[in-house]
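Text of my_file.cif (mmCIF, C-alpha atoms) as supplied:
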```cif
data_final
loop_
_atom_site.label_atom_id
_atom_site.label_comp_id
_atom_site.auth_asym_id
_atom_site.auth_seq_id
_atom_site.Cartn_x
_atom_site.Cartn_y
_atom_site.Cartn_z
CA MET A 1 -198.99 -124.34 -17.04
CA TYR A 2 -202.36 -123.36 -18.56
CA ILE A 3 -204.97 -121.48 -16.57
CA ALA A 4 -207.62 -123.89 -15.33
CA PRO A 5 -210.60 -123.12 -17.62
CA LEU A 6 -208.32 -123.27 -20.67
CA ALA A 7 -206.73 -126.52 -19.52
CA ALA A 8 -210.22 -128.00 -19.05
CA LEU A 9 -211.25 -127.03 -22.56
CA ILE A 10 -208.04 -128.36 -24.12
CA GLN A 11 -208.61 -131.64 -22.26
CA GLN A 12 -212.12 -131.90 -23.70
CA PHE A 13 -210.80 -131.56 -27.23
CA GLU A 14 -207.95 -133.98 -26.55
CA ARG A 15 -210.46 -136.70 -25.71
CA MET A 16 -211.81 -136.63 -29.25
CA PRO A 17 -210.62 -139.19 -31.80
CA GLY A 18 -207.61 -138.13 -33.85
CA ILE A 19 -207.05 -134.91 -31.87
CA GLY A 20 -203.60 -134.56 -30.30
CA HIS A 21 -202.40 -131.97 -27.84
CA LYS A 22 -201.34 -129.38 -30.42
CA THR A 23 -204.64 -129.55 -32.30
CA ALA A 24 -206.60 -129.46 -29.04
CA MET A 25 -204.70 -126.32 -28.09
CA ARG A 26 -205.43 -124.70 -31.46
CA LEU A 27 -209.13 -125.54 -31.18
CA ALA A 28 -209.35 -124.25 -27.60
CA PHE A 29 -207.71 -120.96 -28.57
CA HIS A 30 -210.11 -120.77 -31.49
CA VAL A 31 -213.02 -121.01 -29.04
CA LEU A 32 -211.53 -118.16 -27.00
CA ASP A 33 -211.36 -116.07 -30.17
CA LYS A 34 -215.08 -116.54 -30.83
CA THR A 35 -217.62 -113.99 -29.64
CA GLU A 36 -219.49 -115.03 -26.50
CA GLU A 37 -222.55 -115.53 -28.71
CA ASP A 38 -220.74 -117.89 -31.07
CA ALA A 39 -219.24 -119.88 -28.20
CA LYS A 40 -222.73 -120.28 -26.76
CA ALA A 41 -224.06 -121.42 -30.16
CA PHE A 42 -221.32 -124.05 -30.27
CA ALA A 43 -222.12 -125.30 -26.76
CA ASP A 44 -225.83 -125.32 -27.57
CA ALA A 45 -225.25 -127.36 -30.73
CA ILE A 46 -223.52 -130.03 -28.63
CA ILE A 47 -226.29 -130.16 -26.02
CA ASN A 48 -229.02 -130.02 -28.63
CA ALA A 49 -227.55 -132.75 -30.83
CA LYS A 50 -227.05 -135.00 -27.83
CA GLN A 51 -230.52 -134.40 -26.40
CA SER A 52 -232.60 -134.53 -29.57
CA ILE A 53 -230.90 -137.36 -31.45
CA HIS A 54 -231.78 -140.96 -30.62
CA TYR A 55 -232.34 -144.22 -32.47
CA CYS A 56 -235.20 -144.70 -34.93
CA LYS A 57 -237.56 -147.19 -33.31
CA VAL A 58 -237.57 -149.34 -36.44
CA CYS A 59 -234.16 -149.26 -38.14
CA GLN A 60 -232.08 -147.95 -35.20
CA ASP A 61 -230.49 -145.23 -37.34
CA LEU A 62 -230.04 -141.80 -35.77
CA THR A 63 -233.07 -139.52 -35.92
CA ASP A 64 -234.62 -136.60 -34.10
CA SER A 65 -238.17 -137.90 -34.52
CA ASP A 66 -239.90 -141.20 -33.79
CA LEU A 67 -239.21 -142.75 -37.17
CA CYS A 68 -236.23 -141.76 -39.32
CA ARG A 69 -236.73 -140.15 -42.70
CA ILE A 70 -236.05 -143.35 -44.59
CA CYS A 71 -238.37 -145.56 -42.52
CA SER A 72 -241.17 -142.99 -42.79
CA SER A 73 -240.73 -142.42 -46.54
CA SER A 74 -243.42 -143.85 -48.81
CA LYS A 75 -240.92 -144.04 -51.68
CA ARG A 76 -238.69 -146.71 -50.19
CA ASP A 77 -239.01 -150.39 -50.96
CA LYS A 78 -240.17 -152.02 -47.71
CA ASN A 79 -239.20 -155.51 -48.85
CA THR A 80 -235.44 -155.03 -48.65
CA ILE A 81 -233.33 -154.26 -45.60
CA CYS A 82 -229.66 -153.37 -45.87
CA VAL A 83 -227.84 -154.22 -42.62
CA VAL A 84 -224.94 -151.92 -41.71
CA GLU A 85 -222.66 -151.44 -38.72
CA GLY A 86 -223.24 -147.74 -38.04
CA PRO A 87 -225.07 -144.55 -39.00
CA LYS A 88 -222.14 -143.38 -41.14
CA ASP A 89 -222.58 -146.48 -43.31
CA VAL A 90 -226.17 -145.43 -44.04
CA LEU A 91 -224.86 -142.06 -45.21
CA ALA A 92 -222.28 -143.79 -47.43
CA MET A 93 -224.93 -146.08 -48.97
CA GLU A 94 -227.34 -143.18 -49.53
CA LYS A 95 -224.60 -141.27 -51.34
CA THR A 96 -224.52 -143.93 -54.05
CA GLY A 97 -228.14 -143.09 -54.89
CA GLU A 98 -228.49 -146.71 -55.99
CA TYR A 99 -230.43 -148.16 -53.08
CA ASP A 100 -234.08 -147.53 -52.38
CA GLY A 101 -234.81 -150.08 -49.67
CA LEU A 102 -234.69 -149.75 -45.90
CA TYR A 103 -231.76 -150.05 -43.49
CA HIS A 104 -230.98 -151.69 -40.20
CA VAL A 105 -228.19 -150.23 -38.10
CA LEU A 106 -226.51 -152.74 -35.79
CA HIS A 107 -224.47 -150.16 -33.81
CA GLY A 108 -221.48 -152.43 -33.69
CA VAL A 109 -220.25 -155.84 -34.72
CA ILE A 110 -219.90 -159.10 -32.87
CA SER A 111 -216.37 -159.24 -31.51
CA PRO A 112 -215.69 -161.91 -28.88
CA MET A 113 -212.16 -160.49 -28.37
CA ASP A 114 -213.71 -157.23 -27.15
CA GLY A 115 -216.49 -159.00 -25.28
CA ILE A 116 -219.17 -157.85 -27.73
CA GLY A 117 -221.78 -160.53 -28.34
CA PRO A 118 -224.98 -160.62 -30.43
CA GLU A 119 -226.94 -159.18 -27.51
CA ASP A 120 -224.77 -156.04 -27.56
CA ILE A 121 -225.75 -155.08 -31.11
CA LYS A 122 -229.21 -154.43 -32.55
CA ALA A 123 -229.62 -158.03 -33.81
CA LYS A 124 -232.79 -158.82 -31.86
CA GLU A 125 -234.47 -155.77 -33.41
CA LEU A 126 -233.54 -156.99 -36.89
CA ILE A 127 -235.03 -160.44 -36.29
CA GLY A 128 -238.16 -158.73 -34.95
CA ARG A 129 -238.56 -156.74 -38.17
CA ILE A 130 -238.12 -159.83 -40.32
CA ALA A 131 -240.66 -161.74 -38.23
CA GLN A 132 -243.30 -159.17 -39.21
CA GLY A 133 -243.26 -160.72 -42.69
CA ASP A 134 -242.84 -157.93 -45.28
CA VAL A 135 -239.16 -158.48 -45.92
CA THR A 136 -237.95 -160.62 -48.82
CA GLU A 137 -234.23 -159.79 -48.92
CA ILE A 138 -231.63 -158.89 -46.35
CA ILE A 139 -228.44 -157.33 -47.77
CA MET A 140 -225.51 -157.76 -45.41
CA ALA A 141 -223.38 -154.62 -45.75
CA THR A 142 -221.20 -154.88 -42.66
CA ASN A 143 -217.54 -154.02 -43.24
CA LEU A 144 -215.24 -156.51 -44.95
CA THR A 145 -213.28 -157.04 -41.75
CA VAL A 146 -212.99 -160.19 -39.64
CA GLU A 147 -215.70 -158.90 -37.29
CA GLY A 148 -217.90 -157.63 -40.11
CA GLU A 149 -217.72 -160.98 -41.88
CA ALA A 150 -218.39 -162.93 -38.68
CA THR A 151 -221.38 -160.75 -37.81
CA SER A 152 -222.74 -161.14 -41.32
CA ALA A 153 -222.33 -164.92 -41.21
CA TYR A 154 -223.90 -165.15 -37.73
CA LEU A 155 -226.95 -163.09 -38.72
CA ALA A 156 -227.37 -164.96 -42.03
CA LYS A 157 -227.55 -168.23 -40.08
CA LEU A 158 -230.32 -166.79 -37.87
CA ILE A 159 -232.28 -165.27 -40.75
CA LYS A 160 -232.23 -167.99 -43.40
CA PRO A 161 -234.54 -170.34 -41.43
CA LEU A 162 -237.14 -167.53 -41.57
CA GLY A 163 -237.34 -168.05 -45.33
CA VAL A 164 -235.76 -164.74 -46.32
CA LYS A 165 -233.02 -164.36 -48.94
CA VAL A 166 -229.76 -163.12 -47.45
CA THR A 167 -227.12 -161.52 -49.70
CA ARG A 168 -223.67 -160.07 -49.06
CA ILE A 169 -222.21 -157.02 -50.84
CA ALA A 170 -219.62 -157.95 -53.47
CA ARG A 171 -215.95 -158.35 -52.65
CA GLY A 172 -213.34 -157.33 -55.19
CA MET A 173 -210.99 -154.64 -56.38
CA PRO A 174 -211.96 -151.06 -55.50
CA VAL A 175 -212.26 -148.60 -58.38
CA GLY A 176 -208.83 -147.14 -59.10
CA GLY A 177 -207.29 -150.15 -57.36
CA ASP A 178 -203.88 -151.29 -58.50
CA LEU A 179 -203.24 -155.03 -58.78
CA GLU A 180 -199.67 -154.47 -57.76
CA TYR A 181 -200.59 -152.94 -54.42
CA VAL A 182 -203.79 -154.70 -53.46
CA ASP A 183 -203.60 -157.46 -50.84
CA GLU A 184 -203.81 -161.07 -51.98
CA ILE A 185 -207.11 -161.80 -50.23
CA THR A 186 -208.87 -159.00 -52.09
CA LEU A 187 -207.32 -160.17 -55.33
CA THR A 188 -208.40 -163.76 -54.67
CA MET A 189 -211.94 -162.54 -54.00
CA ALA A 190 -211.90 -160.43 -57.15
CA LEU A 191 -210.82 -163.46 -59.13
CA GLU A 192 -213.45 -165.73 -57.61
CA GLY A 193 -216.16 -163.15 -58.22
CA ARG A 194 -215.26 -162.60 -61.88
CA ARG A 195 -218.07 -162.13 -64.40
CA GLU A 196 -218.28 -162.57 -68.14
CA ILE A 197 -218.07 -159.30 -70.07
CA MET B 1 -228.95 -135.36 -45.93
CA TYR B 2 -228.14 -135.18 -42.19
CA ILE B 3 -230.82 -134.66 -39.61
CA ALA B 4 -230.88 -131.02 -38.52
CA PRO B 5 -229.27 -131.15 -35.04
CA LEU B 6 -226.44 -133.32 -36.39
CA ALA B 7 -225.92 -131.03 -39.39
CA ALA B 8 -225.75 -128.04 -37.02
CA LEU B 9 -223.11 -129.75 -34.89
CA ILE B 10 -221.04 -130.82 -37.90
CA GLN B 11 -221.17 -127.22 -39.14
CA GLN B 12 -219.86 -125.96 -35.79
CA PHE B 13 -216.86 -128.27 -35.99
CA GLU B 14 -216.27 -127.41 -39.64
CA ARG B 15 -215.81 -123.75 -38.72
CA MET B 16 -212.74 -124.59 -36.68
CA PRO B 17 -209.26 -124.14 -38.14
CA GLY B 18 -207.88 -127.21 -39.90
CA ILE B 19 -211.10 -129.22 -39.57
CA GLY B 20 -212.56 -130.46 -42.85
CA HIS B 21 -215.92 -132.08 -43.46
CA LYS B 22 -214.81 -135.65 -42.74
CA THR B 23 -213.15 -134.74 -39.45
CA ALA B 24 -216.12 -132.58 -38.44
CA MET B 25 -218.38 -135.58 -39.08
CA ARG B 26 -216.17 -137.84 -36.99
CA LEU B 27 -216.11 -135.35 -34.11
CA ALA B 28 -219.89 -134.83 -34.24
CA PHE B 29 -220.52 -138.58 -34.13
CA HIS B 30 -218.09 -138.78 -31.24
CA VAL B 31 -220.21 -136.25 -29.34
CA LEU B 32 -223.32 -138.39 -30.00
CA ASP B 33 -221.47 -141.39 -28.57
CA LYS B 34 -220.77 -139.54 -25.32
CA THR B 35 -223.07 -139.90 -22.34
CA GLU B 36 -225.41 -136.96 -21.83
CA GLU B 37 -223.30 -136.03 -18.81
CA ASP B 38 -220.07 -135.95 -20.80
CA ALA B 39 -221.65 -133.93 -23.60
CA LYS B 40 -222.80 -131.42 -21.01
CA ALA B 41 -219.32 -131.26 -19.49
CA PHE B 42 -217.91 -130.50 -22.96
CA ALA B 43 -220.47 -127.74 -23.58
CA ASP B 44 -219.83 -126.32 -20.10
CA ALA B 45 -216.07 -126.25 -20.69
CA ILE B 46 -216.65 -124.11 -23.79
CA ILE B 47 -218.96 -121.67 -22.00
CA ASN B 48 -216.78 -121.55 -18.91
CA ALA B 49 -213.52 -120.95 -20.80
CA LYS B 50 -215.13 -118.22 -22.86
CA GLN B 51 -216.75 -116.50 -19.87
CA SER B 52 -213.94 -116.72 -17.33
CA ILE B 53 -210.92 -116.03 -19.53
CA HIS B 54 -209.99 -112.46 -20.38
CA TYR B 55 -206.83 -110.38 -20.75
CA CYS B 56 -204.52 -109.68 -17.82
CA LYS B 57 -204.87 -105.96 -17.10
CA VAL B 58 -201.09 -105.53 -17.19
CA CYS B 59 -199.53 -107.84 -19.78
CA GLN B 60 -202.69 -108.65 -21.79
CA ASP B 61 -202.02 -112.39 -21.61
CA LEU B 62 -205.00 -114.67 -21.02
CA THR B 63 -206.01 -115.13 -17.40
CA ASP B 64 -209.04 -115.98 -15.29
CA SER B 65 -208.15 -113.48 -12.58
CA ASP B 66 -207.30 -109.78 -12.54
CA LEU B 67 -203.59 -110.24 -12.95
CA CYS B 68 -202.07 -113.27 -14.68
CA ARG B 69 -199.85 -115.69 -12.78
CA ILE B 70 -196.66 -114.23 -14.22
CA CYS B 71 -197.54 -110.58 -13.52
CA SER B 72 -198.58 -111.42 -9.96
CA SER B 73 -195.53 -113.58 -9.22
CA SER B 74 -192.92 -112.12 -6.87
CA LYS B 75 -190.22 -114.28 -8.47
CA ARG B 76 -190.24 -112.60 -11.87
CA ASP B 77 -187.84 -109.85 -12.86
CA LYS B 78 -189.99 -106.72 -13.25
CA ASN B 79 -187.31 -104.86 -15.23
CA THR B 80 -187.59 -106.89 -18.41
CA ILE B 81 -190.58 -107.27 -20.72
CA CYS B 82 -190.65 -109.79 -23.53
CA VAL B 83 -193.06 -108.64 -26.25
CA VAL B 84 -194.86 -111.44 -28.14
CA GLU B 85 -197.66 -111.66 -30.68
CA GLY B 86 -200.00 -114.04 -28.88
CA PRO B 87 -200.71 -116.11 -25.75
CA LYS B 88 -199.27 -119.26 -27.38
CA ASP B 89 -195.93 -117.47 -27.69
CA VAL B 90 -195.87 -116.92 -23.92
CA LEU B 91 -196.38 -120.67 -23.47
CA ALA B 92 -193.52 -121.38 -25.91
CA MET B 93 -191.18 -118.98 -24.10
CA GLU B 94 -192.11 -120.38 -20.69
CA LYS B 95 -191.32 -123.89 -21.91
CA THR B 96 -187.67 -122.90 -22.37
CA GLY B 97 -187.45 -122.23 -18.62
CA GLU B 98 -184.78 -119.64 -19.49
CA TYR B 99 -186.73 -116.43 -19.06
CA ASP B 100 -187.76 -114.96 -15.74
CA GLY B 101 -188.98 -111.51 -16.76
CA LEU B 102 -192.47 -110.32 -17.63
CA TYR B 103 -194.36 -110.48 -20.93
CA HIS B 104 -196.48 -108.23 -23.05
CA VAL B 105 -198.95 -109.83 -25.46
CA LEU B 106 -199.76 -107.69 -28.51
CA HIS B 107 -202.64 -109.88 -29.75
CA GLY B 108 -201.61 -109.41 -33.35
CA VAL B 109 -199.07 -107.70 -35.54
CA ILE B 110 -199.16 -104.54 -37.57
CA SER B 111 -200.19 -105.52 -41.09
CA PRO B 112 -201.26 -102.65 -43.37
CA MET B 113 -202.25 -105.19 -46.05
CA ASP B 114 -204.90 -106.57 -43.68
CA GLY B 115 -205.83 -103.13 -42.37
CA ILE B 116 -204.25 -103.79 -38.96
CA GLY B 117 -202.56 -100.70 -37.56
CA PRO B 118 -200.76 -100.02 -34.25
CA GLU B 119 -204.09 -99.07 -32.65
CA ASP B 120 -205.43 -102.58 -33.32
CA ILE B 121 -202.78 -104.32 -31.22
CA LYS B 122 -201.91 -103.81 -27.55
CA ALA B 123 -199.13 -101.28 -28.30
CA LYS B 124 -200.58 -98.39 -26.29
CA GLU B 125 -200.70 -100.66 -23.21
CA LEU B 126 -197.01 -101.52 -23.68
CA ILE B 127 -195.98 -97.87 -23.88
CA GLY B 128 -198.09 -97.25 -20.76
CA ARG B 129 -196.17 -99.92 -18.84
CA ILE B 130 -192.80 -98.55 -19.93
CA ALA B 131 -193.85 -95.02 -18.94
CA GLN B 132 -194.27 -96.23 -15.34
CA GLY B 133 -190.47 -96.41 -15.16
CA ASP B 134 -189.45 -99.85 -13.80
CA VAL B 135 -188.52 -101.36 -17.13
CA THR B 136 -184.93 -101.39 -18.36
CA GLU B 137 -185.10 -103.80 -21.29
CA ILE B 138 -187.72 -104.70 -23.87
CA ILE B 139 -187.08 -107.97 -25.72
CA MET B 140 -188.88 -108.04 -29.06
CA ALA B 141 -189.96 -111.63 -29.63
CA THR B 142 -192.51 -111.21 -32.40
CA ASN B 143 -192.29 -113.82 -35.16
CA LEU B 144 -189.54 -113.58 -37.77
CA THR B 145 -192.06 -112.78 -40.50
CA VAL B 146 -192.44 -109.58 -42.51
CA GLU B 147 -195.22 -108.41 -40.16
CA GLY B 148 -193.39 -109.52 -37.02
CA GLU B 149 -190.25 -107.67 -38.09
CA ALA B 150 -192.20 -104.54 -39.03
CA THR B 151 -194.07 -104.55 -35.72
CA SER B 152 -190.83 -105.01 -33.83
CA ALA B 153 -189.16 -102.15 -35.73
CA TYR B 154 -192.17 -99.86 -35.25
CA LEU B 155 -192.36 -100.48 -31.51
CA ALA B 156 -188.58 -100.12 -31.09
CA LYS B 157 -188.79 -96.70 -32.68
CA LEU B 158 -191.50 -95.66 -30.19
CA ILE B 159 -189.73 -97.12 -27.16
CA LYS B 160 -186.11 -96.03 -27.65
CA PRO B 161 -186.84 -92.30 -26.99
CA LEU B 162 -188.12 -93.40 -23.55
CA GLY B 163 -184.54 -94.40 -22.65
CA VAL B 164 -185.15 -98.13 -22.52
CA LYS B 165 -182.92 -100.74 -24.17
CA VAL B 166 -184.72 -102.64 -26.93
CA THR B 167 -183.37 -106.01 -28.09
CA ARG B 168 -184.51 -108.49 -30.71
CA ILE B 169 -184.32 -112.29 -30.38
CA ALA B 170 -181.46 -113.79 -32.40
CA ARG B 171 -181.87 -114.85 -36.00
CA GLY B 172 -179.99 -117.85 -37.30
CA MET B 173 -180.09 -121.53 -38.02
CA PRO B 174 -182.58 -123.59 -36.01
CA VAL B 175 -181.19 -126.56 -34.08
CA GLY B 176 -181.05 -129.56 -36.39
CA GLY B 177 -181.14 -127.18 -39.35
CA ASP B 178 -179.42 -128.28 -42.54
CA LEU B 179 -177.41 -125.70 -44.47
CA GLU B 180 -178.43 -127.38 -47.69
CA TYR B 181 -182.12 -126.86 -47.10
CA VAL B 182 -182.32 -123.61 -45.15
CA ASP B 183 -183.38 -120.47 -47.06
CA GLU B 184 -180.71 -117.93 -48.00
CA ILE B 185 -182.07 -115.15 -45.76
CA THR B 186 -181.78 -117.34 -42.67
CA LEU B 187 -178.29 -118.38 -43.69
CA THR B 188 -177.28 -114.76 -44.30
CA MET B 189 -178.60 -113.84 -40.85
CA ALA B 190 -176.78 -116.79 -39.28
CA LEU B 191 -173.55 -115.64 -40.93
CA GLU B 192 -173.98 -112.02 -39.85
CA GLY B 193 -174.77 -113.08 -36.29
CA ARG B 194 -171.74 -115.38 -35.97
CA ARG B 195 -169.83 -115.44 -32.66
CA GLU B 196 -166.33 -116.47 -31.73
CA ILE B 197 -166.14 -119.94 -30.18
#
```
Rewrite the structure from the file as structure tokens, please.
Amino acid sequence: MYIAPLAALIQQFERMPGIGHKTAMRLAFHVLDKTEEDAKAFADAIINAKQSIHYCKVCQDLTDSDLCRICSSSKRDKNTICVVEGPKDVLAMEKTGEYDGLYHVLHGVISPMDGIGPEDIKAKELIGRIAQGDVTEIIMATNLTVEGEATSAYLAKLIKPLGVKVTRIARGMPVGGDLEYVDEITLTMALEGRREI
Amino acid sequence: MYIAPLAALIQQFERMPGIGHKTAMRLAFHVLDKTEEDAKAFADAIINAKQSIHYCKVCQDLTDSDLCRICSSSKRDKNTICVVEGPKDVLAMEKTGEYDGLYHVLHGVISPMDGIGPEDIKAKELIGRIAQGDVTEIIMATNLTVEGEATSAYLAKLIKPLGVKVTRIARGMPVGGDLEYVDEITLTMALEGRREI
């Protein structure tokens, strides 16, 4: 139904997460409406991002140099490492402006159901960093999902024998959360984690 | 906050219609997750679509050859031209499977408010086709908007003196439409266009 080069472009957009056929069509037509220069700039941005971005050799976050900006900063506290699942989690943590330590990006979580074991995430690299001796606290900031919790527990078990404090981010009610609509596990956690005011 | 090549890619996605910052971020990270080969295929699809697709020299629809598939088909009725605003409208009409004539794509509508006059759409090309003499009916299938109606009326006025029948697609209630919720103009049109059953 579509001419071949258009069909190919629509298919490329359709492969992206959350993009259905109608949206893919709209995006493809948008590309056709661009000037040839702009279309080339778009294609170049894809190639360039893919070719120049790789993992930081220390924390495994995305970077276009050897060391990421956080690992190479002299202002960050080198004694604390916050362990997260992915690069987007680093961005979320940085947005709080409340953390000045380092990160470690696992690029996944342990999930036996999906055949993902400890060797498939950047766990070995984390242990290697701790073994170097500067670290005093590891903050586990994996998601509060079954896999996130399991990964956190697994890593904590490996790290504790190295004499490093391991903490987990707090569980509880989100800001703006409504008791009536929150699930009972979150509410139980919020209750257990209560503090004197 | 983002490393430069990632920021550039996010910006490219953000320029697309209906794509906000969060979606652009998700799409950009998706590109980084692709293999280098797949990222290149995506970039190539953009370049290739842009370079190979142009307007059919007769109907102005998108094509990657000289004449589009419909204009070059021997099975289509050359006496009827359906005039639409854009290439997506041709796809919509073709989906009905009920039309076997030719098309003419205006690539826009006359809209004085936006500074778009008859010379900015493919009106001249339509008149040129009619002047060649084979056409007996022009079906105006521009959208049922103020601009679509105005464009249709303007073109009809130009075409009628050439001795060609000009028709307009029917106005009325859409299938599944609810009298209670439809606007009064549509309902008025549906009433005026009533037929004996």
>> I'd like to see the residues matched by the PyMOL selection byres ((chain B) within 7 of (chain A)) on this file, and ideally I'd get them as a ChimeraX atom specification.
In response: /B:3,5-6,8-9,12,16,27,30,32,36,39-40,42-43,45-50,63-64
> Within 7 Å of Glu137 (chain A), counting all atoms listed in the file, which residues qualify if same-chain residues fewer than 6 places away don't, as a list in words?
Replying inline: Asn79, Thr80, Ile81, Val164, Lys165 and Val166 of chain A
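Near region 192-197 of chain A, within 10 Å and counting only C-alpha atoms, sit Ala170, Arg171, Gly172, Thr186, Leu187, Thr188 and Met189 of chain A, not including residues fewer than 3 positions from it in the same chain.
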>> Please enumerate the residues selected by the PyMOL selection byres ((chain A and resi 111) around 12) when evaluated against the supplied file, formatted as a ChimeraX atom specification.
In response: /A:108-110,112-121,145-152,154
>> I'd like to know which of A:Leu191, A:Pro174, A:Ile130, A:Asn143 is closest to Pro161 (chain A), using all atoms listed in the file.
In response: A:Ile130
Do a neighbour search on Met93 (chain B) at 12 Å with all atoms listed in the file, toss out local chain neighbours closer than 5 positions, and write the hits as an mmCIF file with C-alpha atoms, keeping the file's coordinate frame.
```cif
data_model
loop_
_atom_site.group_PDB
_atom_site.id
_atom_site.type_symbol
_atom_site.label_atom_id
_atom_site.label_comp_id
_atom_site.auth_asym_id
_atom_site.auth_seq_id
_atom_site.Cartn_x
_atom_site.Cartn_y
_atom_site.Cartn_z
ATOM 1 C CA MET A 1 -198.990 -124.340 -17.040
ATOM 2 C CA CYS B 82 -190.650 -109.790 -23.530
ATOM 3 C CA VAL B 83 -193.060 -108.640 -26.250
ATOM 4 C CA VAL B 84 -194.860 -111.440 -28.140
ATOM 5 C CA GLU B 85 -197.660 -111.660 -30.680
ATOM 6 C CA GLY B 86 -200.000 -114.040 -28.880
ATOM 7 C CA PRO B 87 -200.710 -116.110 -25.750
ATOM 8 C CA LYS B 88 -199.270 -119.260 -27.380
ATOM 9 C CA GLU B 98 -184.780 -119.640 -19.490
ATOM 10 C CA TYR B 99 -186.730 -116.430 -19.060
ATOM 11 C CA ASP B 100 -187.760 -114.960 -15.740
ATOM 12 C CA GLY B 101 -188.980 -111.510 -16.760
ATOM 13 C CA LEU B 102 -192.470 -110.320 -17.630
ATOM 14 C CA TYR B 103 -194.360 -110.480 -20.930
ATOM 15 C CA ILE B 139 -187.080 -107.970 -25.720
ATOM 16 C CA ALA B 141 -189.960 -111.630 -29.630
ATOM 17 C CA THR B 142 -192.510 -111.210 -32.400
ATOM 18 C CA ILE B 169 -184.320 -112.290 -30.380
#
```
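Reported to one decimal place, the separation of CA of Cys59 (chain B) from CA of Ile159 (chain B) is 16.3 Å.
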> Do you have the CA of Asp77 (chain B)-CA of Val175 (chain B) distance handy?
Replying inline: 27.8 Å
>> Considering all atoms listed in the file, can you say which of A:Leu126, A:Val105, A:Met173, A:Leu67 comes closest to Leu158 (chain A)?
In response: A:Leu126
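Atom pair CA of Ala153 (chain B) / CA of Ile127 (chain B): separated by 14.3 Å.
The closest residue to Ala156 (chain B), picked from B:Glu184, B:Lys75, B:Asp66, B:Ala123 and counting all atoms listed in the file, is B:Ala123.
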